[in-house]
>>> print(open('target_14.cif').read())   # mmCIF, C-alpha atoms
data_start
#
loop_
_atom_site.group_PDB
_atom_site.id
_atom_site.type_symbol
_atom_site.label_atom_id
_atom_site.label_comp_id
_atom_site.auth_asym_id
_atom_site.auth_seq_id
_atom_site.Cartn_x
_atom_site.Cartn_y
_atom_site.Cartn_z
ATOM 1 C CA MET K 1 -18.155 161.864 117.016
ATOM 2 C CA SER K 2 -21.311 159.974 116.037
ATOM 3 C CA GLU K 3 -22.835 157.044 117.923
ATOM 4 C CA MET K 4 -23.818 153.927 115.992
ATOM 5 C CA THR K 5 -24.618 150.241 116.286
ATOM 6 C CA GLY K 6 -22.530 147.413 114.879
ATOM 7 C CA THR K 7 -21.994 143.659 114.987
ATOM 8 C CA ILE K 8 -18.670 142.282 116.241
ATOM 9 C CA VAL K 9 -17.332 140.168 113.366
ATOM 10 C CA ALA K 10 -13.849 139.330 114.679
ATOM 11 C CA ALA K 11 -11.954 139.256 117.946
ATOM 12 C CA HIS K 12 -8.242 138.907 118.537
ATOM 13 C CA GLY K 13 -7.031 139.530 122.056
ATOM 14 C CA ARG K 14 -8.496 142.855 123.080
ATOM 15 C CA HIS K 15 -8.912 144.053 119.500
ATOM 16 C CA TYR K 16 -12.321 143.808 117.884
ATOM 17 C CA LEU K 17 -13.740 144.485 114.460
ATOM 18 C CA ALA K 18 -17.322 145.724 114.139
ATOM 19 C CA ASP K 19 -19.416 145.818 110.989
ATOM 20 C CA VAL K 20 -21.533 148.973 111.067
ATOM 21 C CA GLY K 21 -22.761 148.731 107.476
ATOM 22 C CA GLY K 22 -24.726 145.456 107.600
ATOM 23 C CA ALA K 23 -24.895 142.515 105.216
ATOM 24 C CA GLN K 24 -25.514 144.539 102.043
ATOM 25 C CA SER K 25 -22.729 147.116 102.434
ATOM 26 C CA PRO K 26 -20.320 146.093 105.202
ATOM 27 C CA GLU K 27 -18.142 148.772 106.757
ATOM 28 C CA PHE K 28 -15.554 147.701 109.317
ATOM 29 C CA LEU K 29 -14.339 149.702 112.295
ATOM 30 C CA GLN K 30 -11.492 148.720 114.618
ATOM 31 C CA CYS K 31 -12.854 148.777 118.166
ATOM 32 C CA VAL K 32 -11.536 148.816 121.686
ATOM 33 C CA THR K 33 -13.348 148.617 124.996
ATOM 34 C CA ARG K 34 -13.104 151.249 127.692
ATOM 35 C CA GLY K 35 -10.584 150.213 130.344
ATOM 36 C CA LYS K 36 -9.434 146.601 130.483
ATOM 37 C CA LYS K 37 -12.777 144.905 129.876
ATOM 38 C CA THR K 38 -12.630 141.969 127.482
ATOM 39 C CA ASN K 39 -16.190 140.719 127.825
ATOM 40 C CA VAL K 40 -17.040 141.223 124.161
ATOM 41 C CA ALA K 41 -17.823 138.234 121.930
ATOM 42 C CA VAL K 42 -18.075 137.728 118.190
ATOM 43 C CA GLY K 43 -21.767 138.066 117.324
ATOM 44 C CA ASP K 44 -22.356 140.781 119.908
ATOM 45 C CA ILE K 45 -24.431 143.781 118.901
ATOM 46 C CA VAL K 46 -22.590 146.810 120.277
ATOM 47 C CA HIS K 47 -23.210 150.527 120.667
ATOM 48 C CA LEU K 48 -20.171 152.398 119.394
ATOM 49 C CA LYS K 49 -18.762 155.874 119.478
ATOM 50 C CA ARG K 50 -16.683 156.606 116.405
ATOM 51 C CA THR K 51 -13.330 158.155 117.282
ATOM 52 C CA SER K 52 -11.841 158.399 113.789
ATOM 53 C CA ASN K 53 -12.480 157.302 110.233
ATOM 54 C CA ASP K 54 -11.895 153.612 110.944
ATOM 55 C CA GLN K 55 -11.880 153.388 114.739
ATOM 56 C CA ALA K 56 -14.434 153.351 117.530
ATOM 57 C CA VAL K 57 -14.901 152.701 121.223
ATOM 58 C CA ILE K 58 -17.421 150.124 122.442
ATOM 59 C CA GLU K 59 -19.752 151.975 124.807
ATOM 60 C CA LYS K 60 -22.238 149.218 125.535
ATOM 61 C CA ILE K 61 -23.094 145.616 124.605
ATOM 62 C CA ALA K 62 -26.738 145.072 123.695
ATOM 63 C CA GLU K 63 -28.633 142.382 125.613
ATOM 64 C CA ARG K 64 -27.687 138.931 124.323
ATOM 65 C CA THR K 65 -30.116 136.173 123.401
ATOM 66 C CA THR K 66 -27.437 133.491 123.940
ATOM 67 C CA LEU K 67 -23.804 133.353 125.008
ATOM 68 C CA LEU K 68 -21.578 130.348 124.485
ATOM 69 C CA TYR K 69 -18.302 130.052 126.328
ATOM 70 C CA ARG K 70 -15.729 127.628 127.608
ATOM 71 C CA SER K 71 -13.695 127.943 130.773
ATOM 72 C CA ASP K 72 -10.801 126.437 132.641
ATOM 73 C CA GLN K 73 -9.929 126.633 136.308
ATOM 74 C CA TYR K 74 -8.778 130.234 136.058
ATOM 75 C CA LYS K 75 -10.744 132.080 133.411
ATOM 76 C CA SER K 76 -13.552 131.831 130.917
ATOM 77 C CA LYS K 77 -13.316 132.448 127.166
ATOM 78 C CA LEU K 78 -16.305 133.756 125.245
ATOM 79 C CA LEU K 79 -16.908 131.827 122.030
ATOM 80 C CA ALA K 80 -19.862 133.638 120.466
ATOM 81 C CA ALA K 81 -22.972 135.635 121.288
ATOM 82 C CA ASN K 82 -26.508 135.630 119.879
ATOM 83 C CA ILE K 83 -26.100 132.293 118.110
ATOM 84 C CA THR K 84 -29.039 129.987 117.428
ATOM 85 C CA ARG K 85 -27.207 126.856 116.240
ATOM 86 C CA LEU K 86 -23.901 125.127 116.850
ATOM 87 C CA PHE K 87 -22.463 122.620 114.370
ATOM 88 C CA ILE K 88 -19.886 120.151 115.648
ATOM 89 C CA VAL K 89 -17.806 118.847 112.749
ATOM 90 C CA VAL K 90 -16.551 115.271 113.154
ATOM 91 C CA ALA K 91 -15.084 112.967 110.502
ATOM 92 C CA THR K 92 -14.396 109.360 109.584
ATOM 93 C CA GLU K 93 -10.695 110.209 109.835
ATOM 94 C CA PRO K 94 -8.826 111.293 111.877
ATOM 95 C CA SER K 95 -10.724 109.835 114.797
ATOM 96 C CA PHE K 96 -12.739 112.423 116.733
ATOM 97 C CA ALA K 97 -12.821 112.890 120.511
ATOM 98 C CA ASP K 98 -16.112 111.923 122.169
ATOM 99 C CA ASP K 99 -15.115 114.073 125.123
ATOM 100 C CA LEU K 100 -15.044 117.238 123.006
ATOM 101 C CA VAL K 101 -18.349 116.420 121.274
ATOM 102 C CA SER K 102 -20.152 115.758 124.555
ATOM 103 C CA ARG K 103 -18.730 118.865 126.189
ATOM 104 C CA ALA K 104 -19.920 121.006 123.265
ATOM 105 C CA LEU K 105 -23.394 119.456 123.544
ATOM 106 C CA VAL K 106 -23.498 120.151 127.285
ATOM 107 C CA ALA K 107 -22.437 123.770 126.641
ATOM 108 C CA CYS K 108 -25.258 124.134 124.100
ATOM 109 C CA GLU K 109 -27.882 122.756 126.474
ATOM 110 C CA ALA K 110 -26.724 125.114 129.225
ATOM 111 C CA ALA K 111 -26.735 128.107 126.860
ATOM 112 C CA GLY K 112 -30.015 127.339 125.085
ATOM 113 C CA VAL K 113 -28.390 126.812 121.670
ATOM 114 C CA GLU K 114 -29.564 124.128 119.227
ATOM 115 C CA ALA K 115 -26.801 121.599 118.498
ATOM 116 C CA HIS K 116 -26.197 119.608 115.293
ATOM 117 C CA LEU K 117 -23.458 117.168 114.282
ATOM 118 C CA ILE K 118 -21.894 117.011 110.836
ATOM 119 C CA LEU K 119 -20.118 113.776 109.910
ATOM 120 C CA ASN K 120 -17.622 114.702 107.187
ATOM 121 C CA LYS K 121 -15.590 112.492 104.800
ATOM 122 C CA VAL K 122 -18.323 109.864 104.439
ATOM 123 C CA ASP K 123 -16.612 108.872 101.169
ATOM 124 C CA VAL K 124 -13.963 107.050 103.269
ATOM 125 C CA GLU K 125 -16.046 103.890 103.158
ATOM 126 C CA ALA K 126 -13.780 101.590 105.175
ATOM 127 C CA LEU K 127 -14.040 103.835 108.250
ATOM 128 C CA LEU K 128 -17.645 104.957 107.794
ATOM 129 C CA PRO K 129 -19.448 102.202 109.779
ATOM 130 C CA ARG K 130 -17.399 102.831 112.929
ATOM 131 C CA ALA K 131 -17.723 106.637 112.651
ATOM 132 C CA ARG K 132 -21.486 106.289 112.101
ATOM 133 C CA GLU K 133 -21.786 104.051 115.139
ATOM 134 C CA ARG K 134 -19.910 106.547 117.328
ATOM 135 C CA ALA K 135 -21.830 109.567 116.012
ATOM 136 C CA GLY K 136 -25.027 107.535 116.346
ATOM 137 C CA LEU K 137 -24.817 107.797 120.138
ATOM 138 C CA TYR K 138 -25.537 111.547 119.837
ATOM 139 C CA ALA K 139 -28.174 111.079 117.158
ATOM 140 C CA SER K 140 -29.954 108.669 119.539
ATOM 141 C CA LEU K 141 -30.149 111.508 122.085
ATOM 142 C CA GLY K 142 -32.040 113.633 119.564
ATOM 143 C CA TYR K 143 -29.211 115.702 118.077
ATOM 144 C CA PRO K 144 -29.552 115.923 114.268
ATOM 145 C CA LEU K 145 -26.680 114.254 112.382
ATOM 146 C CA HIS K 146 -25.865 115.327 108.820
ATOM 147 C CA GLU K 147 -23.520 113.340 106.560
ATOM 148 C CA VAL K 148 -21.368 115.124 103.969
ATOM 149 C CA SER K 149 -18.137 114.861 101.977
ATOM 150 C CA ALA K 150 -16.858 118.415 101.678
ATOM 151 C CA LYS K 151 -13.977 117.427 99.346
ATOM 152 C CA ALA K 152 -15.437 114.476 97.401
ATOM 153 C CA ASP K 153 -18.952 115.910 96.940
ATOM 154 C CA PRO K 154 -18.875 119.664 97.555
ATOM 155 C CA ASP K 155 -22.215 120.324 95.821
ATOM 156 C CA GLY K 156 -23.929 117.690 97.964
ATOM 157 C CA ALA K 157 -22.405 119.202 101.114
ATOM 158 C CA VAL K 158 -23.688 122.680 100.251
ATOM 159 C CA ALA K 159 -27.142 121.298 99.398
ATOM 160 C CA THR K 160 -27.282 119.545 102.785
ATOM 161 C CA LEU K 161 -25.958 122.369 104.934
ATOM 162 C CA MET K 162 -27.161 125.611 103.368
ATOM 163 C CA PRO K 163 -30.865 125.156 104.268
ATOM 164 C CA LEU K 164 -29.826 124.548 107.899
ATOM 165 C CA LEU K 165 -27.902 127.834 107.990
ATOM 166 C CA GLN K 166 -30.297 130.253 106.333
ATOM 167 C CA GLY K 167 -31.969 132.629 108.732
ATOM 168 C CA GLN K 168 -29.767 131.366 111.566
ATOM 169 C CA SER K 169 -26.690 132.599 113.352
ATOM 170 C CA SER K 170 -24.487 129.518 113.517
ATOM 171 C CA ILE K 171 -21.079 128.627 114.924
ATOM 172 C CA PHE K 172 -18.885 125.802 113.596
ATOM 173 C CA ILE K 173 -16.487 124.033 115.940
ATOM 174 C CA GLY K 174 -14.278 120.994 115.465
ATOM 175 C CA GLN K 175 -10.863 119.565 116.104
ATOM 176 C CA SER K 176 -8.219 120.206 113.475
ATOM 177 C CA GLY K 177 -8.270 117.720 110.608
ATOM 178 C CA MET K 178 -12.065 117.256 110.559
ATOM 179 C CA GLY K 179 -12.501 119.445 107.464
ATOM 180 C CA LYS K 180 -14.198 122.417 109.117
ATOM 181 C CA SER K 181 -12.209 124.958 107.069
ATOM 182 C CA SER K 182 -13.065 123.199 103.786
ATOM 183 C CA MET K 183 -16.728 123.374 104.775
ATOM 184 C CA ILE K 184 -16.598 127.084 105.618
ATOM 185 C CA ASN K 185 -14.868 127.787 102.287
ATOM 186 C CA LEU K 186 -17.644 125.953 100.457
ATOM 187 C CA LEU K 187 -20.407 127.822 102.256
ATOM 188 C CA VAL K 188 -18.728 131.231 102.140
ATOM 189 C CA PRO K 189 -17.036 131.367 98.710
ATOM 190 C CA ASP K 190 -14.929 134.443 99.501
ATOM 191 C CA ALA K 191 -14.030 133.417 103.059
ATOM 192 C CA ASP K 192 -10.283 133.592 102.304
ATOM 193 C CA ILE K 193 -10.573 137.172 101.061
ATOM 194 C CA ALA K 194 -12.697 138.097 104.090
ATOM 195 C CA VAL K 195 -10.097 136.611 106.446
ATOM 196 C CA ARG K 196 -7.330 138.586 104.768
ATOM 197 C CA GLU K 197 -9.352 141.810 105.042
ATOM 198 C CA ILE K 198 -10.141 141.128 108.698
ATOM 199 C CA SER K 199 -6.485 140.290 109.434
ATOM 200 C CA GLU K 200 -5.348 143.533 107.896
ATOM 201 C CA ALA K 201 -8.011 145.539 109.711
ATOM 202 C CA LEU K 202 -7.171 143.873 113.021
ATOM 203 C CA ASP K 203 -3.471 144.058 112.234
ATOM 204 C CA THR K 204 -2.949 140.452 113.311
ATOM 205 C CA GLY K 205 -0.309 139.771 110.697
ATOM 206 C CA LYS K 206 -0.224 136.119 109.720
ATOM 207 C CA HIS K 207 -2.231 134.852 112.694
ATOM 208 C CA THR K 208 -5.333 134.345 110.617
ATOM 209 C CA THR K 209 -6.336 131.071 112.244
ATOM 210 C CA THR K 210 -6.177 132.257 115.831
ATOM 211 C CA PHE K 211 -9.214 134.477 115.890
ATOM 212 C CA THR K 212 -12.933 133.805 115.789
ATOM 213 C CA ARG K 213 -14.738 135.506 112.922
ATOM 214 C CA LEU K 214 -18.231 135.993 111.573
ATOM 215 C CA TYR K 215 -19.182 135.694 107.901
ATOM 216 C CA ARG K 216 -22.427 136.865 106.337
ATOM 217 C CA LEU K 217 -24.160 134.288 104.169
ATOM 218 C CA PRO K 218 -25.563 135.371 100.821
ATOM 219 C CA ALA K 219 -29.327 135.838 100.929
ATOM 220 C CA SER K 220 -31.356 132.888 99.633
ATOM 221 C CA GLU K 221 -34.275 133.101 97.185
ATOM 222 C CA ASN K 222 -36.662 133.857 100.046
ATOM 223 C CA GLY K 223 -34.374 136.669 101.156
ATOM 224 C CA GLU K 224 -32.979 134.927 104.226
ATOM 225 C CA GLY K 225 -29.283 135.300 104.816
ATOM 226 C CA GLY K 226 -27.638 134.256 108.062
ATOM 227 C CA ASN K 227 -24.308 134.366 109.818
ATOM 228 C CA ILE K 228 -21.618 131.712 110.208
ATOM 229 C CA ILE K 229 -19.084 132.067 112.979
ATOM 230 C CA ASP K 230 -15.888 130.073 112.554
ATOM 231 C CA SER K 231 -13.898 129.400 115.708
ATOM 232 C CA PRO K 232 -10.249 128.322 115.790
ATOM 233 C CA GLY K 233 -9.762 124.565 116.205
ATOM 234 C CA PHE K 234 -9.329 123.644 119.850
ATOM 235 C CA GLN K 235 -8.739 120.357 121.614
ATOM 236 C CA GLU K 236 -10.014 121.405 125.054
ATOM 237 C CA PHE K 237 -13.526 122.475 125.991
ATOM 238 C CA GLY K 238 -13.570 123.299 129.686
ATOM 239 C CA LEU K 239 -16.919 123.845 131.393
ATOM 240 C CA TYR K 240 -15.770 124.872 134.829
ATOM 241 C CA HIS K 241 -18.434 127.604 134.948
ATOM 242 C CA LEU K 242 -21.379 125.194 135.019
ATOM 243 C CA THR K 243 -22.910 124.477 138.434
ATOM 244 C CA GLU K 244 -24.122 121.050 139.598
ATOM 245 C CA GLY K 245 -27.738 121.926 138.851
ATOM 246 C CA MET K 246 -26.884 123.186 135.373
ATOM 247 C CA LEU K 247 -24.849 120.067 134.624
ATOM 248 C CA GLU K 248 -27.495 117.482 135.463
ATOM 249 C CA ARG K 249 -30.005 119.339 133.281
ATOM 250 C CA ALA K 250 -27.512 119.703 130.396
ATOM 251 C CA PHE K 251 -27.373 115.922 129.833
ATOM 252 C CA VAL K 252 -30.613 115.444 127.897
ATOM 253 C CA GLU K 253 -30.833 111.716 128.623
ATOM 254 C CA PHE K 254 -30.872 112.405 132.388
ATOM 255 C CA LYS K 255 -34.126 114.368 132.169
ATOM 256 C CA PRO K 256 -36.611 111.448 132.422
ATOM 257 C CA PHE K 257 -34.883 110.242 135.606
ATOM 258 C CA LEU K 258 -34.323 113.533 137.454
ATOM 259 C CA GLY K 259 -36.437 113.699 140.584
ATOM 260 C CA GLY K 260 -36.539 109.907 140.829
ATOM 261 C CA CYS K 261 -33.633 109.557 143.276
ATOM 262 C CA LYS K 262 -34.111 108.680 146.952
ATOM 263 C CA TYR K 263 -32.244 111.810 148.095
ATOM 264 C CA TYR K 264 -33.369 115.207 146.815
ATOM 265 C CA ASN K 265 -29.750 116.467 146.744
ATOM 266 C CA CYS K 266 -28.410 113.368 144.985
ATOM 267 C CA ARG K 267 -25.263 114.030 142.924
ATOM 268 C CA HIS K 268 -25.713 110.840 140.846
ATOM 269 C CA LEU K 269 -22.195 109.592 141.596
ATOM 270 C CA ALA K 270 -22.354 106.811 144.203
ATOM 271 C CA GLU K 271 -25.552 107.426 146.192
ATOM 272 C CA PRO K 272 -27.916 104.545 146.974
ATOM 273 C CA GLN K 273 -31.212 104.332 145.059
ATOM 274 C CA CYS K 274 -30.122 106.877 142.446
ATOM 275 C CA ALA K 275 -32.367 106.850 139.368
ATOM 276 C CA ILE K 276 -29.533 108.048 137.114
ATOM 277 C CA LEU K 277 -27.101 105.319 138.244
ATOM 278 C CA ASP K 278 -29.855 102.716 137.805
ATOM 279 C CA ALA K 279 -30.404 103.992 134.243
ATOM 280 C CA VAL K 280 -26.652 103.680 133.537
ATOM 281 C CA ALA K 281 -26.716 100.100 134.881
ATOM 282 C CA ASP K 282 -29.745 99.326 132.680
ATOM 283 C CA GLY K 283 -28.028 100.702 129.563
ATOM 284 C CA LYS K 284 -30.514 103.594 129.240
ATOM 285 C CA ILE K 285 -27.715 106.136 129.732
ATOM 286 C CA ALA K 286 -24.362 105.568 127.979
ATOM 287 C CA LYS K 287 -21.523 104.912 130.396
ATOM 288 C CA ILE K 288 -19.153 107.357 128.668
ATOM 289 C CA ARG K 289 -21.721 110.134 129.056
ATOM 290 C CA HIS K 290 -22.132 109.478 132.781
ATOM 291 C CA GLU K 291 -18.340 109.343 133.193
ATOM 292 C CA LEU K 292 -18.075 112.772 131.561
ATOM 293 C CA TYR K 293 -20.814 114.083 133.885
ATOM 294 C CA ALA K 294 -18.755 112.908 136.884
ATOM 295 C CA GLN K 295 -15.637 114.550 135.418
ATOM 296 C CA LEU K 296 -17.458 117.866 134.835
ATOM 297 C CA LEU K 297 -18.841 117.775 138.370
ATOM 298 C CA HIS K 298 -15.298 117.357 139.630
ATOM 299 C CA GLU K 299 -14.111 120.280 137.457
ATOM 300 C CA SER K 300 -16.894 122.603 138.639
ATOM 301 C CA ALA K 301 -15.646 122.124 142.205
ATOM 302 C CA GLN K 302 -12.130 123.315 141.210
ATOM 303 C CA THR K 303 -13.053 126.804 140.022
ATOM 304 C CA LEU K 304 -10.828 129.585 141.240
ATOM 305 C CA TYR K 305 -12.432 132.610 139.587
#
>>> encode(input="target_14.cif", output="structure tokens")
Amino acid sequence: MSEMTGTIVAAHGRHYLADVGGAQSPEFLQCVTRGKKTNVAVGDIVHLKRTSNDQAVIEKIAERTTLLYRSDQYKSKLLAANITRLFIVVATEPSFADDLVSRALVACEAAGVEAHLILNKVDVEALLPRARERAGLYASLGYPLHEVSAKADPDGAVATLMPLLQGQSSIFIGQSGMGKSSMINLLVPDADIAVREISEALDTGKHTTTFTRLYRLPASENGEGGNIIDSPGFQEFGLYHLTEGMLERAFVEFKPFLGGCKYYNCRHLAEPQCAILDAVADGKIAKIRHELYAQLLHESAQTLY
């Protein structure tokens, strides 16, 4: 059977869906890997061998520009490959978890992916000042923050977000209740139909929210399209795979102080004359960010795989 190239647009367990037709005329093939390998991510460009009309085997994964993943003590879970931007959706209500936001930002820094925050439901005026203040911590570190109301002002939300997505391969993450799905439905008008088609092709039954999937964006006036990857809502974002050296460099506010410690192998936890700890004491580094750094350092020492 013929060999071809495709983009992985959905993953559910060890079942994958590849688009071999491209943005203009998508054609989906159900794919499996050879053996028990499960190291394929949504967004991967893959070399396929067609085995039947609608099925193929993944022979090879093309070299990735970026790979974003999360991990716990025992295993890692690929989130997406070849992405250029990550959008963390937070909201005025329900309250969002700083821990999850910071972990996502650290993952982006380690993977070389540009991170943005979207503050949704800004029409909830009573809770807006507090949400702005909390999101402002990340904006002060240089991460762009975009304010929208997906339900109250859908046109405004599209006008804000669409230019950021064109020509990019983006992934949206967020806890449940933040309005991520509403946003995806605004940006990809036939997302629901696409999910149904993907579910049928993957044979996942009703589990439409449990898999990561890639949508093609319509081309803009200048011809630029783009991809949006929607990941299932998750509450945990483990980063057990990051080493000490990767972690200290993944906190952007640490950078001016790295190399300023008395000891070259300083871990920035309790050592004397540590430039990072001095910066925390001086209010130049937020305490909650340093506490997360200490937690991640602890986690990276627990890895079993």
>>> resolve_selection(input="target_14.cif", expression="the PyMOL selection byres ((chain K and resi 266-272) around 9)", output="ChimeraX atom specification")
/K:244,248,261-265,273-277,290,294,297
>>> atom_distance(input="target_14.cif", atom1="CA of Lys121 in chain K", atom2="CA of Tyr215 in chain K")
23.7 Å
>>> closest_residue(input="target_14.cif", among="K:Phe28, K:Leu119, K:Met4, K:Gly136", to="Ser199 in chain K", atoms="all atoms listed in the file")
K:Phe28
>>> atom_distance(input="target_14.cif", atom1="CA of Gly156 in chain K", atom2="CA of Leu141 in chain K")
25.7 Å
>>> resolve_selection(input="target_14.cif", expression="the PyMOL selection byres ((chain K and resi 170) around 7)", output="mmCIF file with C-alpha atoms, in the coordinates of the input")
data_model
loop_
_atom_site.group_PDB
_atom_site.id
_atom_site.type_symbol
_atom_site.label_atom_id
_atom_site.label_comp_id
_atom_site.auth_asym_id
_atom_site.auth_seq_id
_atom_site.Cartn_x
_atom_site.Cartn_y
_atom_site.Cartn_z
ATOM 1 C CA ILE K 83 -26.100 132.293 118.110
ATOM 2 C CA THR K 84 -29.039 129.987 117.428
ATOM 3 C CA ARG K 85 -27.207 126.856 116.240
ATOM 4 C CA LEU K 86 -23.901 125.127 116.850
ATOM 5 C CA LEU K 165 -27.902 127.834 107.990
ATOM 6 C CA GLN K 168 -29.767 131.366 111.566
ATOM 7 C CA SER K 169 -26.690 132.599 113.352
ATOM 8 C CA ILE K 171 -21.079 128.627 114.924
ATOM 9 C CA PHE K 172 -18.885 125.802 113.596
ATOM 10 C CA ASN K 227 -24.308 134.366 109.818
ATOM 11 C CA ILE K 228 -21.618 131.712 110.208
ATOM 12 C CA ILE K 229 -19.084 132.067 112.979
#
>>> atom_distance(input="target_14.cif", atom1="CA of Ser71 in chain K", atom2="CA of Gln302 in chain K")
11.5 Å
>>> closest_residue(input="target_14.cif", among="K:Leu105, K:Ala11, K:Leu186, K:Leu17", to="Leu78 in chain K", atoms="all atoms listed in the file")
K:Ala11
>>> closest_residue(input="target_14.cif", among="K:Ile198, K:Ala131, K:Leu79, K:Leu48", to="Pro232 in chain K", atoms="all atoms listed in the file")
K:Leu79
>>> residues_around(input="target_14.cif", residues="Asn39 in chain K", least_positions_apart="2", cutoff="10 Å", atoms="only C-alpha atoms", output="ChimeraX atom specification")
/K:14,33,36-37,41,61,76-78
>>> resolve_selection(input="target_14.cif", expression="the PyMOL selection byres ((chain K and resi 174) around 8)", output="list of chain:residue names")
K:Ile88, K:Val89, K:Val90, K:Phe172, K:Ile173, K:Gln175, K:Ser176, K:Met178, K:Lys180, K:Gly233, K:Phe234
>>> residues_near_point(input="target_14.cif", point="(-19.6, 124.8, 134.3)", cutoff="10 Å", atoms="all atoms listed in the file", output="list in words")
Tyr69, Arg70, Ser71, Asp72, Ser76, Val106, Ala107, Ala110, Gly238, Leu239, Tyr240, His241, Leu242, Thr243, Glu244, Gly245, Met246, Leu247, Leu296, Leu297, Glu299, Ser300, Ala301 and Thr303 of chain K
>>> closest_residue(input="target_14.cif", among="K:Ala23, K:Ala18, K:Val46, K:Val9", to="Ala80 in chain K", atoms="only C-alpha atoms")
K:Val9
>>> residues_near_point(input="target_14.cif", point="(-20.4, 113.7, 109.1)", cutoff="12 Å", atoms="only C-alpha atoms", output="MDAnalysis selection string")
chainID K and resid 87:93 95:96 116:124 127:136 139 144:150 157 160:161 174 178:180 183
>>> closest_residue(input="target_14.cif", among="K:Asp190, K:Asp278, K:Arg216, K:Thr51", to="Gly21 in chain K", atoms="only C-alpha atoms")
K:Arg216
>>> decode(input="target_14.cif", residues="range 34-48 of chain K", atoms="N, CA and C atoms", output="PDB file, in the first residue's frame")
ATOM      1  N   ARG K  34       3.365   0.737  15.393  1.00  0.00           N
ATOM      2  CA  ARG K  34       3.885  -0.638  15.385  1.00  0.00           C
ATOM      3  C   ARG K  34       4.233  -1.016  16.817  1.00  0.00           C
ATOM      4  N   GLY K  35       3.880  -2.210  17.243  1.00  0.00           N
ATOM      5  CA  GLY K  35       4.196  -2.634  18.606  1.00  0.00           C
ATOM      6  C   GLY K  35       3.377  -1.860  19.619  1.00  0.00           C
ATOM      7  N   LYS K  36       3.965  -1.641  20.797  1.00  0.00           N
ATOM      8  CA  LYS K  36       3.216  -1.002  21.887  1.00  0.00           C
ATOM      9  C   LYS K  36       3.587   0.455  22.086  1.00  0.00           C
ATOM     10  N   LYS K  37       4.293   1.035  21.148  1.00  0.00           N
ATOM     11  CA  LYS K  37       4.726   2.432  21.300  1.00  0.00           C
ATOM     12  C   LYS K  37       3.523   3.358  21.393  1.00  0.00           C
ATOM     13  N   THR K  38       3.600   4.322  22.294  1.00  0.00           N
ATOM     14  CA  THR K  38       2.521   5.317  22.389  1.00  0.00           C
ATOM     15  C   THR K  38       3.119   6.721  22.439  1.00  0.00           C
ATOM     16  N   ASN K  39       4.237   6.896  21.749  1.00  0.00           N
ATOM     17  CA  ASN K  39       4.938   8.181  21.829  1.00  0.00           C
ATOM     18  C   ASN K  39       4.527   9.143  20.717  1.00  0.00           C
ATOM     19  N   VAL K  40       3.252   9.064  20.340  1.00  0.00           N
ATOM     20  CA  VAL K  40       2.735   9.941  19.288  1.00  0.00           C
ATOM     21  C   VAL K  40       1.881  11.020  19.950  1.00  0.00           C
ATOM     22  N   ALA K  41       2.007  12.256  19.475  1.00  0.00           N
ATOM     23  CA  ALA K  41       1.244  13.362  20.064  1.00  0.00           C
ATOM     24  C   ALA K  41       0.394  14.034  18.996  1.00  0.00           C
ATOM     25  N   VAL K  42      -0.705  14.638  19.431  1.00  0.00           N
ATOM     26  CA  VAL K  42      -1.497  15.457  18.514  1.00  0.00           C
ATOM     27  C   VAL K  42      -0.597  16.597  18.025  1.00  0.00           C
ATOM     28  N   GLY K  43      -0.646  16.856  16.719  1.00  0.00           N
ATOM     29  CA  GLY K  43       0.235  17.868  16.130  1.00  0.00           C
ATOM     30  C   GLY K  43       1.454  17.255  15.457  1.00  0.00           C
ATOM     31  N   ASP K  44       1.711  15.989  15.728  1.00  0.00           N
ATOM     32  CA  ASP K  44       2.847  15.318  15.092  1.00  0.00           C
ATOM     33  C   ASP K  44       2.625  15.187  13.585  1.00  0.00           C
ATOM     34  N   ILE K  45       3.704  15.376  12.836  1.00  0.00           N
ATOM     35  CA  ILE K  45       3.696  15.033  11.415  1.00  0.00           C
ATOM     36  C   ILE K  45       4.225  13.603  11.340  1.00  0.00           C
ATOM     37  N   VAL K  46       3.471  12.720  10.704  1.00  0.00           N
ATOM     38  CA  VAL K  46       3.863  11.304  10.688  1.00  0.00           C
ATOM     39  C   VAL K  46       3.930  10.763   9.262  1.00  0.00           C
ATOM     40  N   HIS K  47       4.834   9.795   9.092  1.00  0.00           N
ATOM     41  CA  HIS K  47       4.917   9.051   7.831  1.00  0.00           C
ATOM     42  C   HIS K  47       4.094   7.781   8.014  1.00  0.00           C
ATOM     43  N   LEU K  48       3.161   7.581   7.097  1.00  0.00           N
ATOM     44  CA  LEU K  48       2.184   6.494   7.238  1.00  0.00           C
ATOM     45  C   LEU K  48       2.280   5.502   6.097  1.00  0.00           C
TER      46      LEU K  48
END
